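Dropping upload.cif in here (mmCIF, C-alpha atoms):
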```
data_start
#
loop_
_atom_site.label_atom_id
_atom_site.label_comp_id
_atom_site.auth_asym_id
_atom_site.auth_seq_id
_atom_site.Cartn_x
_atom_site.Cartn_y
_atom_site.Cartn_z
CA MET E 1236 18.33 18.96 37.35
CA VAL E 1237 15.44 18.71 34.90
CA SER E 1238 12.11 20.35 35.49
CA LEU E 1239 9.09 19.05 33.55
CA THR E 1240 6.02 21.24 33.70
CA PHE E 1241 3.01 22.44 31.76
CA ASP E 1242 2.89 26.20 31.25
CA GLN E 1243 -0.21 28.36 31.42
CA ASN E 1244 -0.97 27.50 27.78
CA ASN E 1245 -0.75 23.80 28.60
CA ARG E 1246 2.48 23.39 26.67
CA PHE E 1247 5.02 20.88 27.96
CA VAL E 1248 8.23 22.59 29.02
CA VAL E 1249 11.53 20.84 29.71
CA LYS E 1250 14.01 23.00 31.57
CA ASN E 1251 17.59 22.34 32.59
CA THR E 1252 17.60 23.54 36.17
CA GLY E 1253 21.16 22.43 36.81
CA SER E 1254 24.34 24.46 36.67
CA SER E 1255 25.84 22.72 33.66
CA ALA E 1256 24.76 21.70 30.17
CA LEU E 1257 22.58 18.64 29.76
CA SER E 1258 21.86 16.22 26.90
CA LEU E 1259 18.50 14.49 26.64
CA ARG E 1260 17.14 11.82 24.35
CA LYS E 1261 14.67 13.37 21.94
CA LYS E 1262 12.37 10.34 22.08
CA VAL E 1263 9.84 10.85 24.84
CA LEU E 1264 8.36 7.86 26.61
CA VAL E 1265 4.62 8.48 26.83
CA GLU E 1266 3.13 6.34 29.57
CA ARG E 1267 -0.53 5.59 30.13
CA LYS E 1268 -2.00 4.68 33.52
CA GLU E 1269 -3.58 1.27 33.57
CA GLY E 1270 -4.83 0.33 36.99
CA ASP E 1271 -1.98 0.92 39.40
CA SER E 1272 0.78 0.76 36.83
CA TRP E 1273 2.16 2.88 34.03
CA LYS E 1274 2.47 1.30 30.59
CA ASP E 1275 4.35 2.43 27.50
CA SER E 1276 1.76 3.81 25.10
CA TYR E 1277 4.23 3.66 22.16
CA ALA E 1278 3.18 7.16 21.08
CA GLU E 1279 5.57 8.88 18.70
CA VAL E 1280 6.49 12.01 20.65
CA TYR E 1281 9.82 13.83 20.58
CA LEU E 1282 11.50 16.72 22.36
CA ILE E 1283 11.27 19.14 19.43
CA ALA E 1284 10.07 22.71 19.34
CA SER E 1285 8.42 22.33 15.95
CA CYS E 1286 7.76 19.73 13.31
CA ALA E 1287 10.24 21.49 11.05
CA GLU E 1288 12.93 19.76 13.08
CA LYS E 1289 13.60 16.53 11.21
CA ASP E 1290 16.56 15.22 13.21
CA LEU E 1291 14.94 13.04 15.83
CA LYS E 1292 18.01 11.00 16.67
CA SER E 1293 20.60 13.52 17.84
CA PRO E 1294 20.30 14.40 21.54
CA LEU E 1295 18.73 17.64 22.68
CA HIS E 1296 21.34 19.83 24.30
CA LEU E 1297 20.13 22.29 26.92
CA ALA E 1298 22.49 24.80 28.49
CA ALA E 1299 22.10 25.57 32.18
CA GLY E 1300 18.80 27.38 32.60
CA GLN E 1301 17.69 26.71 29.03
CA ASP E 1302 14.32 25.25 28.27
CA LEU E 1303 12.44 23.66 25.38
CA VAL E 1304 8.73 24.11 24.80
CA MET E 1305 7.73 20.86 23.16
CA SER E 1306 5.64 20.85 19.99
CA PRO E 1307 2.24 19.69 21.25
CA TRP E 1308 0.83 16.16 21.04
CA ASN E 1309 -2.88 15.64 20.37
CA GLY E 1310 -3.16 12.08 21.63
CA TRP E 1311 -2.93 10.20 18.34
CA GLY E 1312 -0.35 7.47 18.55
CA CYS E 1313 1.54 7.77 15.28
CA ASP E 1314 0.97 11.28 13.86
CA GLY E 1315 -0.26 13.05 16.95
CA GLN E 1316 2.72 15.37 17.18
CA CYS E 1317 3.92 15.67 13.58
CA PRO E 1318 2.86 14.28 10.20
CA ARG E 1319 4.57 10.96 9.59
CA PRO E 1320 3.99 7.75 7.64
CA CYS E 1321 1.45 5.72 9.59
CA ARG E 1322 -0.30 2.46 9.00
CA ALA E 1323 -1.50 1.49 12.51
CA ASN E 1324 -2.67 4.80 13.95
CA TYR E 1325 -5.32 5.72 16.51
CA TYR E 1326 -6.17 8.01 19.40
CA LEU E 1327 -4.77 6.70 22.65
CA GLY E 1328 -7.18 8.37 25.05
CA PRO E 1329 -9.15 8.78 27.15
CA GLY E 1330 -6.99 8.31 30.20
CA ASP E 1331 -4.16 9.59 32.33
CA PHE E 1332 -0.74 9.94 30.75
CA ARG E 1333 2.68 11.27 31.57
CA TYR E 1334 5.77 12.21 29.57
CA VAL E 1335 9.04 10.65 30.65
CA VAL E 1336 12.34 12.03 29.41
CA PHE E 1337 15.76 10.43 29.62
CA THR E 1338 19.29 11.67 29.64
CA ALA E 1339 21.05 10.95 26.38
CA ASP E 1340 22.96 8.06 27.95
CA GLY E 1341 19.71 6.55 29.17
CA LYS E 1342 20.90 6.42 32.76
CA HIS E 1343 18.47 8.87 34.28
CA ARG E 1344 14.77 9.31 33.75
CA PHE E 1345 12.53 12.18 34.72
CA ASP E 1346 8.79 11.68 35.07
CA GLY E 1347 6.59 14.54 34.07
CA PRO E 1348 3.30 15.52 35.70
CA VAL E 1349 0.21 13.49 34.97
CA PHE E 1350 -2.16 14.88 32.36
CA ALA E 1351 -5.47 13.66 31.06
CA LEU E 1352 -6.54 12.96 27.52
CA GLY E 1353 -10.27 13.31 27.09
CA PRO E 1354 -12.59 11.25 24.93
CA GLU E 1355 -11.83 11.18 21.23
CA LYS E 1356 -13.33 14.19 19.52
CA ASP E 1357 -15.68 13.72 16.58
CA GLY E 1358 -13.92 14.36 13.35
CA LYS E 1359 -12.02 11.46 12.08
CA MET W 1208 -13.94 -27.55 32.31
CA ALA W 1209 -11.54 -25.70 29.99
CA ILE W 1210 -12.27 -22.30 28.52
CA SER W 1211 -13.57 -22.49 24.98
CA VAL W 1212 -15.07 -20.23 22.35
CA VAL W 1213 -18.69 -20.95 21.66
CA PRO W 1214 -18.61 -22.23 18.07
CA GLY W 1215 -19.90 -19.75 15.55
CA SER W 1216 -20.14 -16.93 18.11
CA GLY W 1217 -17.39 -14.79 16.63
CA ASN W 1218 -18.79 -11.60 15.14
CA ILE W 1219 -17.42 -8.47 13.47
CA ARG W 1220 -19.62 -5.43 13.02
CA LEU W 1221 -18.35 -2.49 11.01
CA THR W 1222 -19.38 0.73 12.77
CA ASN W 1223 -17.65 3.34 10.61
CA ARG W 1224 -16.51 3.10 7.01
CA PRO W 1225 -13.13 4.68 6.25
CA ALA W 1226 -12.75 7.76 4.08
CA VAL W 1227 -9.55 9.41 2.90
CA GLY W 1228 -9.02 13.15 3.13
CA ALA W 1229 -7.65 15.61 0.59
CA PRO W 1230 -3.92 16.33 0.87
CA VAL W 1231 -2.82 19.10 3.17
CA ILE W 1232 0.16 21.23 2.20
CA ASN W 1233 2.01 22.19 5.37
CA ASP W 1234 4.01 25.31 4.59
CA PRO W 1235 5.95 25.50 7.90
CA THR W 1236 7.21 21.95 7.56
CA ALA W 1237 7.38 21.97 3.75
CA ASP W 1238 5.55 18.70 3.39
CA VAL W 1239 2.25 17.35 2.16
CA THR W 1240 0.13 15.11 4.36
CA PHE W 1241 -2.29 12.53 2.97
CA PRO W 1242 -4.70 12.20 5.88
CA ILE W 1243 -7.59 10.02 6.85
CA ALA W 1244 -10.93 11.82 6.90
CA GLN W 1245 -12.81 9.02 8.62
CA GLN W 1246 -11.23 6.15 10.52
CA ILE W 1247 -12.41 2.65 9.98
CA ARG W 1248 -14.12 1.33 13.13
CA ALA W 1249 -15.43 -2.08 14.01
CA VAL W 1250 -16.53 -4.05 17.03
CA GLY W 1251 -15.59 -7.68 17.42
CA SER W 1252 -17.19 -10.09 19.83
CA ALA W 1253 -17.34 -13.73 20.78
CA ARG W 1254 -18.87 -15.87 23.51
CA PHE W 1255 -16.80 -18.00 25.84
CA ASN W 1256 -17.64 -20.99 27.98
CA ILE W 1257 -15.83 -20.40 31.26
CA GLY W 1258 -16.05 -22.67 34.29
CA ALA W 1259 -16.08 -21.36 37.82
CA ALA W 1260 -12.58 -22.65 38.46
CA ASP W 1261 -11.09 -21.85 35.03
CA PRO W 1262 -8.15 -19.46 35.23
CA ILE W 1263 -8.71 -16.54 32.83
CA ALA W 1264 -5.23 -15.03 32.97
CA GLY W 1265 -3.59 -14.95 29.56
CA TRP W 1266 -6.82 -15.23 27.54
CA PHE W 1267 -7.50 -12.36 25.15
CA LEU W 1268 -9.95 -11.41 22.43
CA GLY W 1269 -8.31 -8.92 20.10
CA TRP W 1270 -7.14 -8.13 16.60
CA LEU W 1271 -4.38 -8.93 14.18
CA GLN W 1272 -3.80 -6.80 11.14
CA ALA W 1273 -1.64 -7.35 8.10
CA GLN W 1274 -0.94 -4.91 5.35
CA TRP W 1275 -0.48 -6.84 2.12
CA ILE W 1276 -0.33 -4.20 -0.61
CA GLU W 1277 1.59 -0.94 -0.60
CA THR W 1278 1.66 1.39 -3.57
CA ASN W 1279 3.64 4.46 -2.62
CA TRP W 1280 5.40 6.79 -5.01
CA GLY W 1281 5.97 10.49 -5.47
CA TYR W 1282 6.87 12.24 -8.71
CA TYR W 1283 8.70 15.55 -8.58
CA ARG W 1284 9.55 17.97 -11.35
CA GLY W 1285 11.25 21.33 -11.57
CA GLN W 1286 9.64 24.62 -12.40
CA THR W 1287 10.98 24.26 -15.95
CA ASN W 1288 11.83 21.26 -18.10
CA GLY W 1289 15.54 21.87 -17.71
CA ASP W 1290 15.25 21.65 -13.93
CA GLY W 1291 14.60 17.95 -14.34
CA SER W 1292 12.39 15.45 -12.55
CA ALA W 1293 12.67 12.78 -9.91
CA PHE W 1294 10.74 9.65 -9.00
CA TYR W 1295 10.64 8.51 -5.38
CA GLN W 1296 9.54 4.90 -5.08
CA ARG W 1297 8.88 3.70 -1.54
CA ALA W 1298 7.06 0.43 -2.19
CA ARG W 1299 9.73 -1.65 -3.92
CA PRO W 1300 12.95 -3.23 -2.67
CA PRO W 1301 15.27 -2.11 -1.31
CA ALA W 1302 13.17 0.73 0.15
CA ARG W 1303 10.47 -1.77 1.10
CA PRO W 1304 11.85 -5.30 1.36
CA SER W 1305 8.49 -7.04 1.05
CA GLN W 1306 4.89 -6.08 0.47
CA ALA W 1307 3.32 -7.87 3.42
CA CYS W 1308 3.91 -6.80 6.98
CA ARG W 1309 2.28 -7.21 10.37
CA ASP W 1310 0.59 -4.01 11.42
CA THR W 1311 0.91 -3.28 15.12
CA PHE W 1312 0.69 -0.08 17.04
CA GLY W 1313 3.70 -0.76 19.17
CA PRO W 1314 6.46 -3.34 18.81
CA VAL W 1315 5.87 -5.97 16.16
CA GLY W 1316 6.58 -8.63 18.79
CA GLN W 1317 3.34 -7.83 20.58
CA ILE W 1318 1.59 -9.51 17.64
CA PHE W 1319 -1.77 -7.98 18.47
CA TYR W 1320 -2.70 -4.87 16.45
CA GLY W 1321 -3.23 -2.95 19.71
CA VAL W 1322 -2.85 -3.97 23.34
CA GLU W 1323 -4.87 -1.27 25.09
CA PRO W 1324 -7.73 -2.77 27.12
CA THR W 1325 -10.31 -1.46 24.63
CA ARG W 1326 -8.54 -3.23 21.76
CA ARG W 1327 -7.55 -6.42 23.51
CA ALA W 1328 -10.17 -7.61 25.89
CA VAL W 1329 -9.69 -9.97 28.80
CA LEU W 1330 -12.20 -12.60 29.74
CA PRO W 1331 -14.48 -12.28 32.73
CA ALA W 1332 -14.17 -14.73 35.58
CA GLY W 1333 -16.44 -17.75 35.40
CA PRO W 1334 -18.85 -19.32 35.60
CA SER W 1335 -20.20 -18.02 32.32
CA PRO W 1336 -23.95 -17.83 31.85
CA ALA W 1337 -25.79 -20.24 29.58
CA GLY W 1338 -24.77 -19.57 26.02
CA GLY W 1339 -21.39 -18.23 27.07
CA ALA W 1340 -20.01 -14.93 28.33
CA LEU W 1341 -20.07 -12.21 25.69
CA VAL W 1342 -16.76 -10.42 25.27
CA SER W 1343 -16.30 -7.43 22.96
CA THR W 1344 -13.32 -5.55 21.63
CA ASN W 1345 -12.94 -2.42 19.50
CA PHE W 1346 -10.94 -1.80 16.36
CA ASN W 1347 -10.09 1.46 14.67
CA ASP W 1348 -7.35 2.73 12.37
CA GLY W 1349 -6.48 5.93 10.52
CA PRO W 1350 -3.50 5.37 8.22
CA SER W 1351 -1.80 8.38 6.64
CA ASP W 1352 1.41 9.38 4.93
CA THR W 1353 3.48 12.41 4.10
CA TYR W 1354 5.81 13.56 1.33
CA PRO W 1355 8.30 16.44 1.24
CA LEU W 1356 7.06 19.36 -0.82
CA SER W 1357 10.33 19.52 -2.73
CA VAL W 1358 13.57 17.66 -3.29
CA THR W 1359 16.88 18.62 -4.87
CA ASN W 1360 17.59 16.96 -8.19
CA ASN W 1361 21.18 15.69 -8.00
CA LEU W 1362 21.61 15.82 -11.78
CA THR W 1363 20.46 19.39 -12.33
CA HIS W 1364 21.00 20.69 -8.76
CA LYS W 1365 17.63 22.36 -9.04
CA THR W 1366 14.61 22.14 -6.82
CA ASN W 1367 12.02 19.67 -8.02
CA TRP W 1368 8.50 20.17 -6.68
CA LEU W 1369 5.96 17.52 -5.78
CA ARG W 1370 3.83 16.88 -8.86
CA GLU W 1371 1.96 13.65 -8.16
CA VAL W 1372 1.62 11.00 -5.44
CA GLN W 1373 -0.11 7.64 -5.45
CA LEU W 1374 -0.74 5.72 -2.25
CA GLU W 1375 -2.58 2.43 -1.85
CA PHE W 1376 -2.63 0.65 1.50
CA HIS W 1377 -4.45 -2.69 1.64
CA PHE W 1378 -5.11 -4.40 4.95
CA CYS W 1379 -6.69 -7.53 6.36
CA THR W 1380 -7.98 -7.30 9.93
CA VAL W 1381 -8.59 -10.47 11.90
CA LEU W 1382 -10.58 -11.06 15.08
CA VAL W 1383 -8.62 -13.54 17.20
CA VAL W 1384 -8.58 -15.35 20.50
CA ARG W 1385 -5.27 -16.01 22.21
CA ASP W 1386 -4.91 -18.60 24.95
CA PRO W 1387 -2.37 -18.56 27.81
CA ALA W 1388 -0.02 -20.78 25.81
CA GLY W 1389 0.15 -18.11 23.11
CA ASN W 1390 -1.93 -19.99 20.54
CA PHE W 1391 -4.06 -17.81 18.28
CA THR W 1392 -7.44 -18.85 16.95
CA GLN W 1393 -8.67 -16.71 14.09
CA LEU W 1394 -12.43 -16.24 14.20
CA LYS W 1395 -13.31 -13.84 11.38
CA SER W 1396 -11.67 -11.26 9.17
CA PHE W 1397 -12.26 -8.53 6.63
CA TYR W 1398 -10.26 -6.69 4.01
CA TRP W 1399 -10.14 -2.93 3.66
CA ASN W 1400 -8.05 -0.33 1.92
CA THR W 1401 -7.31 3.37 1.49
CA HIS W 1402 -6.21 5.03 -1.74
CA TRP W 1403 -4.96 8.53 -2.52
CA GLN W 1404 -3.80 9.77 -5.91
CA TYR W 1405 -3.36 13.49 -6.46
CA ARG W 1406 -1.60 15.78 -8.89
CA PHE W 1407 -0.39 19.19 -7.70
CA HIS W 1408 -0.62 22.34 -9.80
CA ALA W 1409 1.37 25.29 -8.49
CA SER W 1410 0.65 28.72 -9.95
CA VAL W 1411 3.52 30.31 -8.07
CA PHE W 1412 6.94 29.01 -7.11
CA PRO W 1413 8.15 28.22 -4.51
CA MET W 1414 5.17 25.98 -4.05
CA THR W 1415 2.93 26.93 -1.14
CA ALA W 1416 -0.51 25.93 0.04
CA ALA W 1417 -2.04 29.23 -1.00
CA HIS W 1418 -0.98 28.90 -4.64
CA THR W 1419 -1.27 25.16 -5.25
CA ARG W 1420 -4.30 23.24 -6.41
CA SER W 1421 -4.62 19.53 -5.64
CA GLU W 1422 -6.29 17.49 -8.36
CA ALA W 1423 -7.78 14.15 -7.42
CA ILE W 1424 -6.97 11.60 -10.10
CA ALA W 1425 -10.09 9.82 -11.32
CA GLY W 1426 -10.34 6.38 -9.77
CA GLY W 1427 -7.39 7.03 -7.50
CA VAL W 1428 -9.14 8.30 -4.39
CA ALA W 1429 -11.12 5.74 -2.43
CA ALA W 1430 -11.55 3.74 0.72
CA ASN W 1431 -13.18 0.33 0.61
CA VAL W 1432 -14.23 -2.41 3.02
CA GLY W 1433 -15.00 -5.99 2.10
CA HIS W 1434 -17.46 -8.37 3.67
CA VAL W 1435 -16.71 -10.32 6.83
CA ILE W 1436 -15.11 -13.70 6.17
CA GLU W 1437 -15.63 -16.70 8.42
CA GLY W 1438 -12.75 -18.61 9.95
CA ALA W 1439 -9.01 -18.43 9.63
CA VAL W 1440 -7.33 -16.39 6.93
CA THR W 1441 -6.03 -18.50 4.06
CA ASP W 1442 -4.56 -15.76 1.86
CA ARG W 1443 -0.99 -16.86 1.26
CA ARG W 1444 0.06 -13.34 0.36
CA PHE W 1445 0.22 -12.46 4.04
CA THR W 1446 -0.76 -15.33 6.35
CA GLY W 1447 2.96 -15.80 6.95
CA VAL W 1448 3.28 -12.45 8.73
CA LEU W 1449 0.22 -12.62 11.00
CA THR W 1450 1.72 -14.37 14.03
CA SER W 1451 5.20 -15.51 13.04
CA LEU W 1452 8.45 -13.96 14.20
CA GLN W 1453 8.86 -10.61 12.48
CA THR W 1454 11.49 -7.94 12.92
CA GLN W 1455 9.56 -4.92 11.70
CA SER W 1456 6.00 -3.71 11.88
CA CYS W 1457 4.24 -1.94 9.04
CA ASN W 1458 4.91 1.37 10.81
CA ASP W 1459 8.61 0.45 10.87
CA PHE W 1460 8.45 -0.38 7.15
CA ALA W 1461 6.70 2.90 6.42
CA ALA W 1462 9.23 4.97 8.35
CA ALA W 1463 12.17 3.22 6.72
CA GLU W 1464 10.86 3.48 3.16
CA SER W 1465 10.05 7.14 3.68
CA ALA W 1466 13.56 7.83 4.98
CA ASN W 1467 15.27 5.82 2.22
CA PRO W 1468 13.18 5.67 -0.92
CA ASN W 1469 14.42 4.35 -4.26
CA ILE W 1470 15.21 7.46 -6.28
CA ARG W 1471 15.44 7.88 -10.04
CA GLU W 1472 16.27 11.23 -11.53
CA SER W 1473 16.29 12.82 -14.95
CA ARG W 1474 17.61 16.08 -16.39
CA VAL W 1475 14.22 16.75 -17.98
CA TRP W 1476 10.56 16.27 -17.18
CA ASP W 1477 10.65 12.55 -17.74
CA ASN W 1478 8.13 9.74 -17.51
CA PHE W 1479 8.95 7.03 -15.02
CA ASP W 1480 7.51 3.54 -14.85
CA VAL W 1481 5.58 3.73 -11.58
CA ARG W 1482 5.49 -0.06 -11.30
CA ARG W 1483 9.25 -0.20 -10.68
#
```
Represent the structure from my file as structure tokens, please.
Amino acid sequence: MVSLTFDQNNRFVVKNTGSSALSLRKKVLVERKEGDSWKDSYAEVYLIASCAEKDLKSPLHLAAGQDLVMSPWNGWGCDGQCPRPCRANYYLGPGDFRYVVFTADGKHRFDGPVFALGPEKDGK
Amino acid sequence: MAISVVPGSGNIRLTNRPAVGAPVINDPTADVTFPIAQQIRAVGSARFNIGAADPIAGWFLGWLQAQWIETNWGYYRGQTNGDGSAFYQRARPPARPSQACRDTFGPVGQIFYGVEPTRRAVLPAGPSPAGGALVSTNFNDGPSDTYPLSVTNNLTHKTNWLREVQLEFHFCTVLVVRDPAGNFTQLKSFYWNTHWQYRFHASVFPMTAAHTRSEAIAGGVAANVGHVIEGAVTDRRFTGVLTSLQTQSCNDFAAAESANPNIRESRVWDNFDVRR
């Protein structure tokens, strides 16, 4: 009932493909592939359309057929999606990752497609 | 033979000095970011004596980090004197219950600063060559913070605009070995810090990036790294948070103090004691 895809602009899209409304946790679990297993990367990523959305706790409600294009994440662990107070903060790549979203009650999880983060770019 | 660290083999090499960046006014999100311009980077290493039959599971070479000083305040004032002013203090109780915290990317209970394989190395299987097996691990960090561009003064009910911010984050980073029993041996450490202090001058209100000049306050913008120190940390200001049971990491502290700062307000452009 949830479709997780990357569109042609490489933006992560969460769509309610069911016939009734759906509530999802805004906090996204970002997993990194280590060997044969997936590990929590602890990245701060949320199901928000833009960083102007400050409420990260209330569930995301999607009507049937509605989707959310998630504000992009650049791979940095703490402030990679939106500016935030960070003390420990670093780029989590390179490697294979996936976004995992949960229903608001935590009972169901949906694993997104695998995507790759490349080497850290020069800059900071 | 039991696994052991070759005495004196611990080494920390700084590979990139930190530098702070100028503040960035984000119009869409109405906030100001205080970014890192250059991360601090270091490589830690040590040699290990490992016998052919020694189990290596549960041995790690990695990093601990404590933050032991936080200065963090924002001063807001209205467009006119009668609009008032406000002081947002994040680094004092109750906003920040204590200065020292354990800095982990991830849950504070992981104790290590980072647990990715590049930041927490495992040991190779034995037997180690003469002189010990060389194991290396990487460290990097890019702290930052953010302040809202404006707040509402509850005394005047007017918008108060960000006028000045001072941030000082002081850290101690420690190269450590952990054995399968969970015992940590601190090999070497170094202190480093990042400072931002800027005043904002808006020529047009509402304040936007295009019409606001950021002024670096003399002596308030810096990033420093100290020399490498041998052996275990003895600084009582934060040794207590390095490996003991903690409930919040420094990132948790930072998020909480940002969400619930200590606020003082005035009906005029007032001076506030930034130490309180």
_Please list as a PyMOL selection string every residue within 7 Å of stretch 1299-1315 of chain E, counting only C-alpha atoms and excluding residues in the same chain fewer than 2 positions away._
chain E and resi 1246-1256+1277-1279+1282-1285+1297+1317-1319+1321+1324-1328+1352
*Rank nothing, just name the residue among E:Asp1346, E:Arg1260, E:Val1336, E:Ser1272 nearest to E:Leu1291, using all atoms listed in the file.*
E:Arg1260
*Can you tell me, as a PyMOL selection string, what residues are no more than 7 Å from W:Pro1242 when counting only C-alpha atoms, ignoring any on the same chain fewer than 2 positions away?*
chain W and resi 1227-1230+1240+1244+1351-1352
Set out as a tab-separated table a contact list for chain W and chain E with a cut-off of 8 Å, giving each residue of chain W that qualifies its closest atom pair and distance in Å to one decimal, counting all atoms listed in the file, ordered by chain and rising residue number.
```
residue	atom	partner	partner_atom	distance
W:Pro1235	CA	E:Ala1287	CA	6.7
W:Thr1236	CA	E:Ala1287	CA	4.6
W:Ala1237	CA	E:Ala1287	CA	7.9
W:Thr1240	CA	E:Pro1318	CA	6.5
W:Ile1243	CA	E:Lys1359	CA	7.0
W:Ala1244	CA	E:Lys1359	CA	5.3
W:Gln1245	CA	E:Lys1359	CA	4.3
W:Gln1246	CA	E:Lys1359	CA	5.6
W:Asp1310	CA	E:Ala1323	CA	6.0
W:Thr1311	CA	E:Ala1323	CA	5.9
W:Phe1312	CA	E:Ala1323	CA	5.3
W:Gly1313	CA	E:Tyr1277	CA	5.4
W:Tyr1320	CA	E:Ala1323	CA	7.6
W:Asn1347	CA	E:Tyr1325	CA	6.7
W:Asp1348	CA	E:Asn1324	CA	5.4
W:Gly1349	CA	E:Asn1324	CA	5.2
W:Pro1350	CA	E:Arg1322	CA	4.4
W:Ser1351	CA	E:Cys1321	CA	5.1
W:Asp1352	CA	E:Pro1320	CA	4.1
W:Thr1353	CA	E:Arg1319	CA	5.8
W:Cys1457	CA	E:Arg1322	CA	6.3
W:Asn1458	CA	E:Arg1322	CA	5.6
W:Ala1461	CA	E:Pro1320	CA	5.7
W:Ala1462	CA	E:Pro1320	CA	6.0
W:Ser1465	CA	E:Pro1320	CA	7.3
```
*asked:* So, with all atoms listed in the file as the atoms that count, which of E:Phe1350, E:Pro1294, E:Phe1332, E:Lys1342 lies closest to E:Thr1240?
replied: E:Phe1350
*Given the file shown, determine the residues that the PyMOL selection byres ((chain E and resi 1262) around 7) selects; report them as a VMD selection string.*
chain E and resid 1260 to 1261 1263 to 1264 1280 to 1282
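Using only C-alpha atoms, the smallest distance between any of W:Asn1400, W:Ser1216, W:Ser1451, W:Thr1287 and W:Phe1378 comes from W:Asn1400.
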*Please identify all polymer residues within 10 Å of W:Asp1442, counting only C-alpha atoms, omitting same-chain residues fewer than 5 positions from it, and present them as a PyMOL selection string.*
chain W and resi 1275+1379+1447
*asked:* Here is a test: counting only C-alpha atoms, which residue of E:Asp1290, E:Leu1295, E:Thr1338, E:Pro1329 is nearest to E:Val1237?
replied: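 Between E:Asp1290, E:Leu1295, E:Thr1338, E:Pro1329, the residue approaching E:Val1237 most closely is E:Thr1338.
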*So how far away is atom CA of W:Ala1337 from atom CA of W:Ile1263, in Å?*
17.8 Å
Determine the residue membership of the PyMOL selection byres ((chain W and resi 1211) around 6) for the file above and supply it as a compact mmCIF listing (two decimals) with C-alpha atoms, keeping the file's coordinate frame.
```txt
# COMPACT_ATOMS: atom_id res chain seq x y z
CA ILE W 1210 -12.27 -22.30 28.52
CA VAL W 1212 -15.07 -20.23 22.35
CA PHE W 1255 -16.80 -18.00 25.84
CA ASN W 1256 -17.64 -20.99 27.98
```
*Extract, using all atoms listed in the file, all DNA, RNA and protein residues at most 8 Å from W:Trp1403, discarding same-chain residues fewer than 3 positions from it, and format them as a list in words.*
Val1227, Phe1241, Val1372, Gln1373, Leu1374, Glu1375, Ala1423, Gly1427, Val1428 and Ala1429 of chain W
*For W:Phe1319, work out the shell of residues within 8 Å, counting only C-alpha atoms and skipping chain neighbours fewer than 4 positions away, then give it as a PyMOL selection string.*
chain W and resi 1269-1272+1311+1327
*Quick one: distance from atom CA of W:Pro1300 to atom CA of W:Gly1281 in Å, one decimal?*
15.6 Å
*Mind pulling up the distance from atom CA of W:Trp1399 to atom CA of W:Trp1280?*
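Atom CA of W:Trp1280 sits 20.3 Å away from atom CA of W:Trp1399.
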_Could you check the closest approach to E:Leu1259 for each of E:Asp1242, E:Pro1348, E:Gly1330, E:Asp1340 and tell me which residue wins, using all atoms listed in the file?_
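Closest to E:Leu1259, using all atoms listed in the file: E:Asp1340.
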*Any chance you could resolve the PyMOL selection byres ((chain W and resi 1475) around 6) against this file and give the residues as a ChimeraX atom specification?*
/W:1288-1289,1291-1292,1473-1474,1476-1477
*Between W:His1402, W:Arg1248, W:Arg1370, W:His1408, which is the closest to W:Phe1294 once you count only C-alpha atoms?*
W:Arg1370
